[in-house]
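This report concerns only the one structure given below.
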Amino acid sequence: MTTETAVAIEGLVQRRAHFELGPVDLNIPKGYVTAIVGPNGSGKSSLFRLMLGLARPDSGGVRLLGEQVRGEDRVSLKTRIGYVPEEAIDIEDRLSGEAKSAFVRQWYPGWDVNYYRELLRRFEVDPALKLGKMSKGMRRKFELSLAMAHHPELLLLDEPSSGLDPIAWKTMIDALHRFMERGDRTIVMASHIIDEVRRLADYIAFVAQGKVLGMYEKDALLEAWQTMYVDAGGRTLPWKEMPGYRSCDLAGGTTYKVVTEQAFEAEQWLAAAGAVLVSKRKLELDDILLNLTEHARGVY
Amino acid sequence: MWIPIQLNEQSAEPLYHQIEVQLRAFIVSGQMPEGTLLPSIRELAQLTKCSVITVRRVYQDLENEGLLRTRQGTGTFVAKVDETLRDTQRRSTVIGAIEAAVDAGIRVHFTDEEMMEMLREVLGRKRAAEALTERQGAPTDEGGEPA
């Protein structure tokens, strides 16, 4: 199966007085959900703004769905994209949901009023309310319905679930899975909600301090990172030579607790070294993130 | 459609392998008969919290084994399972379980005779329980006691 690229980011750099993003090189495949995961202030939202041409890079560039993104508005490209920003736009507070959708739909030839109504109904959103009167969660669900109503090829979601209660959250996850059902659509979402990433993502790109630490297929990543308890039989092994070595602590007696990001190779290495693997378990996604970001910060 | 696949997320066994083993068992045992429409790749990914890459790999493996077939535009179905294949698969599942039991026995030094005796005892107990539930017409759900 050949994989097309939905978002191609090349040598992207944005310099600000207090923050520098990049250089970022990232290829996001079409037909999948890619989660951009990272701590607060790591540059996720800046990356989204650059992807959409809402901010200008100092160097490098972004191609969305094969088209180069530039500063000017490219209506034809934007009709193929849906975007939900992290923060609601407060100058719209006095606008009713109906009024905003009446304005927005003019720009999208593919606007599907039935699908839009269905999303509002499933999300239990009352579009007659003024946006400023909606709860944070309802406004979020409204914005998401609006962003999906024209069946975009590419959906960019910046912290989609912020403010959602658990029921609304499940409805959203379900709606996004259905959106992906056709197989030719792409979602790129920024998130630090681990459960959301677990449930939705096919690929995960980790960012920290303005840099991309790596992009991984979710299940392969979760299988590769393991904590192993190893009985070295009283010897000292050259742990740092173990494939995927991340950390090693003496757990008690002659047993060591080692963390690897290449579980399969590490296990073979241990067997060859004559060490006894007592037990192993997978790391949770947040532990992997912590490990990667600390490593990037040079903590160890 | 709903498939009762249960994954152990903590287990070091790869998820694709866990899904594949369970799905194969449903098909081979006849619980999913020929022609059954499977969930779409995205649906099963949602159900198992796996990526579509993992699920696609499972479907492809089982298709290569001749257990599934995909019709363009309609979906993935259970194929006609060859009788000899079904028989081999049935046997290999049980043999695998017996091998694990035998390993456990050898580890703690039981004799062959003792192990045969244990197998007969377990069999006797299970068959009796089976006969009892059949007579009562009660649901056969094991461990179905209210919590």
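Following the order of the structure tokens, first chain is A, next is B, and so on, with residues numbered from 1 inside each chain and ligands from 1 in the order they appear.
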
Find the residues around Leu67 (chain B) up to 10 Å (only C-alpha atoms counted), leave out those fewer than 2 positions away in its own chain, and share them as an MDAnalysis selection string.
chainID B and resid 23:24 27:28 34 59:65 69 77:82 85:86

Using only C-alpha atoms, tabulate the residues of chain B lying at most 9 Å from any atom of chain A, each with its closest atom pair and that distance in Å to one decimal, by chain and increasing residue number, as a Markdown table.
```
| residue | atom | partner | partner_atom | distance |
| --- | --- | --- | --- | --- |
| B:Glu9 | CA | A:Lys282 | CA | 8.0 |
| B:Gln10 | CA | A:Lys282 | CA | 5.7 |
| B:Ser11 | CA | A:Arg281 | CA | 6.4 |
| B:Ala12 | CA | A:Arg281 | CA | 5.7 |
| B:Glu13 | CA | A:Glu223 | CA | 8.2 |
| B:Pro14 | CA | A:Glu223 | CA | 6.4 |
| B:Leu15 | CA | A:Asp219 | CA | 7.4 |
| B:Tyr16 | CA | A:Asp219 | CA | 8.6 |
| B:Ser40 | CA | A:Glu181 | CA | 7.8 |
| B:Ile41 | CA | A:Glu181 | CA | 8.3 |
| B:Arg42 | CA | A:Glu181 | CA | 5.9 |
| B:Glu43 | CA | A:His177 | CA | 7.5 |
| B:Ala45 | CA | A:Arg199 | CA | 8.4 |
| B:Gln46 | CA | A:Arg199 | CA | 6.5 |
| B:Leu47 | CA | A:Arg199 | CA | 8.8 |
| B:Thr48 | CA | A:Arg199 | CA | 8.5 |
| B:Lys49 | CA | A:Arg199 | CA | 4.9 |
| B:Cys50 | CA | A:Asp219 | CA | 6.5 |
| B:Ser51 | CA | A:Asp202 | CA | 4.4 |
| B:Val52 | CA | A:Asp202 | CA | 6.3 |
| B:Ile53 | CA | A:Asp202 | CA | 7.0 |
| B:Thr54 | CA | A:Asp219 | CA | 7.1 |
```

For Pro4 (chain B), list every protein, DNA or RNA residue within 12 Å, evaluated using only C-alpha atoms, and leave out those in the same chain fewer than 2 positions away; present the list as a PyMOL selection string.
chain B and resi 1-2+6-7+19+22-23+25-26+31-32+39+44+47-48

For a test of reading the model, state the distance in Å between CA of Arg125 (chain B) and CA of Ser92 (chain B), rounded to one decimal.
23.4 Å

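For chain B, a DSSP pass over the backbone yields strand (DSSP E) at Leu68, Arg69, Thr70, Arg71, Gly75, Thr76, Phe77 and Val78 of chain B.
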
Pick from A:Ala205, A:Leu285, A:Ile193, A:Met172 nearest to Leu119 (chain A), counting only C-alpha atoms
A:Met172

Please run DSSP on the backbone and report, as a VMD selection string, all residues within chain B that come out as helix (DSSP H, G or I).
chain B and resid 15 to 28 41 to 48 52 to 64 83 to 107 112 to 136

Neighbour list for Leu64 (chain A) as a PyMOL selection string, cut-off 9 Å, only C-alpha atoms, skip fewer than 3 positions in-chain:
chain A and resi 5-9+51-52+67-69+77+154
